[in-house]
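Below is the file input_28.csv, which contains CSV, C-alpha atoms.
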```csv
chain,number,residue,atom,x,y,z
A,1,MET,CA,61.1,-174.5,-201.0
A,2,GLN,CA,57.9,-175.9,-202.3
A,3,GLN,CA,57.5,-176.6,-205.9
A,4,GLN,CA,54.3,-175.6,-207.5
A,5,GLN,CA,52.7,-178.1,-209.7
A,6,LYS,CA,51.2,-176.8,-212.9
A,7,HIS,CA,48.0,-178.5,-213.9
A,8,PRO,CA,47.8,-179.2,-217.6
A,9,SER,CA,45.2,-177.2,-219.5
A,10,TYR,CA,43.0,-179.4,-221.5
A,11,HIS,CA,41.1,-176.5,-223.1
A,12,SER,CA,42.3,-174.7,-226.2
A,13,PRO,CA,43.3,-171.1,-225.6
A,14,ARG,CA,40.5,-168.7,-226.2
A,15,ARG,CA,41.2,-166.3,-229.0
A,16,ASN,CA,39.8,-162.9,-229.4
A,17,LEU,CA,37.5,-161.9,-232.2
A,18,SER,CA,39.1,-160.0,-235.0
A,19,LEU,CA,37.8,-156.7,-236.2
A,20,GLY,CA,36.0,-158.3,-239.2
A,21,GLU,CA,34.3,-160.8,-236.9
A,22,TRP,CA,33.1,-158.0,-234.6
A,23,VAL,CA,31.7,-156.1,-237.6
A,24,ILE,CA,29.9,-159.2,-238.8
A,25,LEU,CA,28.6,-159.9,-235.3
A,26,LEU,CA,27.2,-156.4,-235.0
A,27,LEU,CA,25.6,-156.4,-238.5
A,28,ASN,CA,24.1,-159.8,-238.0
A,29,LEU,CA,22.5,-158.8,-234.7
A,30,LEU,CA,21.1,-155.6,-236.2
A,31,MET,CA,19.8,-157.5,-239.2
A,32,SER,CA,18.2,-160.1,-237.0
A,33,GLY,CA,16.4,-157.5,-234.9
A,34,PHE,CA,15.2,-155.6,-238.0
A,35,CYS,CA,13.9,-158.6,-239.8
A,36,GLY,CA,12.1,-159.9,-236.7
A,37,TRP,CA,10.7,-156.5,-236.0
A,38,PHE,CA,9.5,-156.1,-239.7
A,39,VAL,CA,7.8,-159.4,-239.7
A,40,TRP,CA,6.1,-158.7,-236.3
A,41,MET,CA,4.9,-155.2,-237.4
A,42,ASN,CA,3.6,-156.3,-240.7
A,43,GLY,CA,2.2,-159.7,-239.6
A,44,SER,CA,0.5,-158.9,-236.4
A,45,LEU,CA,-0.4,-155.2,-236.6
A,46,LYS,CA,-1.0,-155.0,-240.4
A,47,THR,CA,0.5,-151.5,-240.6
A,48,ASN,CA,1.5,-151.9,-244.3
A,49,PRO,CA,-1.4,-153.1,-246.5
A,50,SER,CA,0.8,-153.5,-249.6
A,51,PRO,CA,0.9,-157.0,-251.1
A,52,PRO,CA,4.7,-157.6,-250.6
A,53,ALA,CA,4.4,-157.2,-246.9
A,54,ASP,CA,1.3,-159.4,-246.6
A,55,THR,CA,2.7,-162.5,-248.4
A,56,PRO,CA,3.2,-165.4,-246.0
A,57,LEU,CA,6.1,-166.7,-248.0
A,58,VAL,CA,8.0,-163.4,-247.7
A,59,HIS,CA,7.3,-163.5,-243.9
A,60,LEU,CA,8.7,-167.0,-243.7
A,61,ALA,CA,11.8,-166.0,-245.7
A,62,LEU,CA,12.4,-163.0,-243.5
A,63,LEU,CA,11.9,-165.2,-240.4
A,64,LEU,CA,14.6,-167.5,-241.9
A,65,VAL,CA,16.9,-164.5,-242.3
A,66,ALA,CA,16.2,-163.3,-238.7
A,67,GLY,CA,16.8,-166.7,-237.2
A,68,ALA,CA,20.0,-167.4,-239.3
A,69,THR,CA,21.5,-164.0,-238.6
A,70,GLY,CA,20.7,-164.3,-234.9
A,71,LEU,CA,22.3,-167.7,-234.7
A,72,THR,CA,25.3,-166.4,-236.6
A,73,GLY,CA,25.7,-163.7,-234.0
A,74,LEU,CA,25.4,-166.2,-231.2
A,75,LEU,CA,27.9,-168.6,-232.8
A,76,LEU,CA,30.4,-165.8,-233.3
A,77,GLY,CA,30.0,-164.9,-229.7
A,78,ILE,CA,31.0,-168.4,-228.7
A,79,ARG,CA,33.7,-168.5,-231.4
A,80,GLN,CA,32.3,-171.2,-233.7
A,81,THR,CA,33.1,-169.6,-237.0
A,82,ARG,CA,32.7,-172.6,-239.2
A,83,ILE,CA,29.0,-173.2,-238.2
A,84,ALA,CA,28.5,-169.4,-238.2
A,85,ALA,CA,29.5,-169.2,-241.9
A,86,TRP,CA,26.9,-171.9,-242.8
A,87,PHE,CA,24.2,-169.9,-241.0
A,88,GLU,CA,25.4,-166.8,-242.8
A,89,TRP,CA,24.9,-168.5,-246.1
A,90,LEU,CA,21.5,-169.7,-244.9
A,91,ALA,CA,20.6,-166.0,-244.3
A,92,ALA,CA,21.7,-165.1,-247.8
A,93,LEU,CA,19.5,-167.9,-249.1
A,94,GLY,CA,16.6,-166.4,-247.1
A,95,ILE,CA,17.1,-163.0,-248.6
A,96,CYS,CA,17.3,-164.4,-252.1
A,97,LEU,CA,14.1,-166.5,-251.5
A,98,SER,CA,12.2,-163.4,-250.3
A,99,ALA,CA,13.3,-161.5,-253.4
A,100,ILE,CA,12.3,-164.4,-255.7
A,101,VAL,CA,9.0,-164.9,-254.1
A,102,SER,CA,8.2,-161.1,-254.4
A,103,ILE,CA,9.2,-161.1,-258.0
A,104,VAL,CA,7.4,-164.3,-259.0
A,105,ILE,CA,4.2,-163.2,-257.3
A,106,GLY,CA,4.4,-159.9,-259.2
A,107,THR,CA,4.5,-157.5,-256.3
A,108,PHE,CA,7.6,-155.9,-257.8
A,109,GLY,CA,7.1,-154.0,-261.0
A,110,TYR,CA,9.7,-152.6,-263.2
A,111,SER,CA,9.5,-149.0,-262.1
A,112,GLN,CA,12.3,-147.1,-260.4
A,113,PRO,CA,11.6,-147.7,-256.7
A,114,GLU,CA,11.1,-151.5,-257.1
A,115,LEU,CA,14.3,-151.9,-259.1
A,116,LEU,CA,16.1,-150.0,-256.3
A,117,ALA,CA,14.6,-152.4,-253.7
A,118,ILE,CA,15.7,-155.4,-255.8
A,119,GLY,CA,19.2,-153.9,-256.0
A,120,VAL,CA,19.3,-153.4,-252.2
A,121,VAL,CA,18.2,-157.0,-251.6
A,122,LEU,CA,20.8,-158.4,-254.0
A,123,PHE,CA,23.5,-156.2,-252.3
A,124,VAL,CA,22.5,-157.5,-248.9
A,125,ALA,CA,22.5,-161.1,-250.1
A,126,THR,CA,26.0,-160.5,-251.6
A,127,LEU,CA,27.2,-159.0,-248.4
A,128,LEU,CA,25.9,-162.0,-246.4
A,129,PHE,CA,27.5,-164.4,-248.8
A,130,ALA,CA,30.9,-162.5,-248.7
A,131,SER,CA,30.8,-162.4,-244.9
A,132,GLY,CA,30.2,-166.2,-244.8
A,133,TRP,CA,33.1,-166.7,-247.1
A,134,PHE,CA,35.2,-164.4,-244.8
A,135,LEU,CA,34.3,-166.5,-241.8
A,136,ARG,CA,35.2,-169.7,-243.6
A,137,LYS,CA,38.6,-168.2,-244.6
A,138,ILE,CA,39.2,-167.2,-240.9
A,139,GLU,CA,38.4,-170.8,-239.8
A,140,THR,CA,40.8,-172.4,-242.3
A,141,GLU,CA,43.7,-170.0,-241.3
A,142,LYS,CA,43.5,-170.9,-237.6
```

As structure tokens, the full file:
Amino acid sequence: MQQQQKHPSYHSPRRNLSLGEWVILLLNLLMSGFCGWFVWMNGSLKTNPSPPADTPLVHLALLLVAGATGLTGLLLGIRQTRIAAWFEWLAALGICLSAIVSIVIGTFGYSQPELLAIGVVLFVATLLFASGWFLRKIETEK
């Protein structure tokens, strides 16, 4: 009988993404698409003439969010969770920068709808920071 030789595998075994990583991947791709669409619609078509949408600094911050969340989704797809966590925190920084710029410029007042918008922005930034922390925790447990 012939003996079959097994070739040694030099690659680490591919692991499947956990449910939490799939959720983060989906939310990041949706957020990337929405932020990119929002900047494109307000920047090129000028559909919203209000001052918060026309500020170039807000556009740059939202482009930072779109790029960071898109790269996070890509890095999760190729299973690079440590770098994905850093880009997740970069997206949270972009969300915070857009809120700070809007507040400093004075586009947000202190009426009810603007306070609700600030609350939503802070919630999304907290969600991004927590998902970055989750990705770092997954990376250290491997």

Exercise for review: May I have the residues within 6 Å of stretch 89-106 of chain A as a PyMOL selection string, using all atoms listed in the file and disregarding those fewer than 5 positions away in the same chain?
Suggested key: chain A and resi 58+61+64-65+68+125+128-129+132

Review point. Counting all atoms listed in the file, what is within 8 Å of A:Ala84, bar same-chain residues fewer than 3 positions away, as number ranges by chain?
Key: A: 71-73, 75-76, 80-81, 87-88, 132, 135

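Using all atoms listed in the file for every distance, the candidate list A:Ile118, A:Met41, A:Thr126, A:Arg82 yields A:Arg82 as the residue closest to A:Ile138.
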
**Study point:** Sel. within 12 Å of pt (17.1, -154.8, -234.9), counting all atoms listed in the file, output as a list in words
**Key:**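 Nearby residues: Leu26, Leu27, Asn28, Leu29, Leu30, Met31, Ser32, Gly33, Phe34, Cys35, Gly36, Trp37, Phe38, Val39, Trp40, Ala66, Thr69 and Gly70 of chain A.
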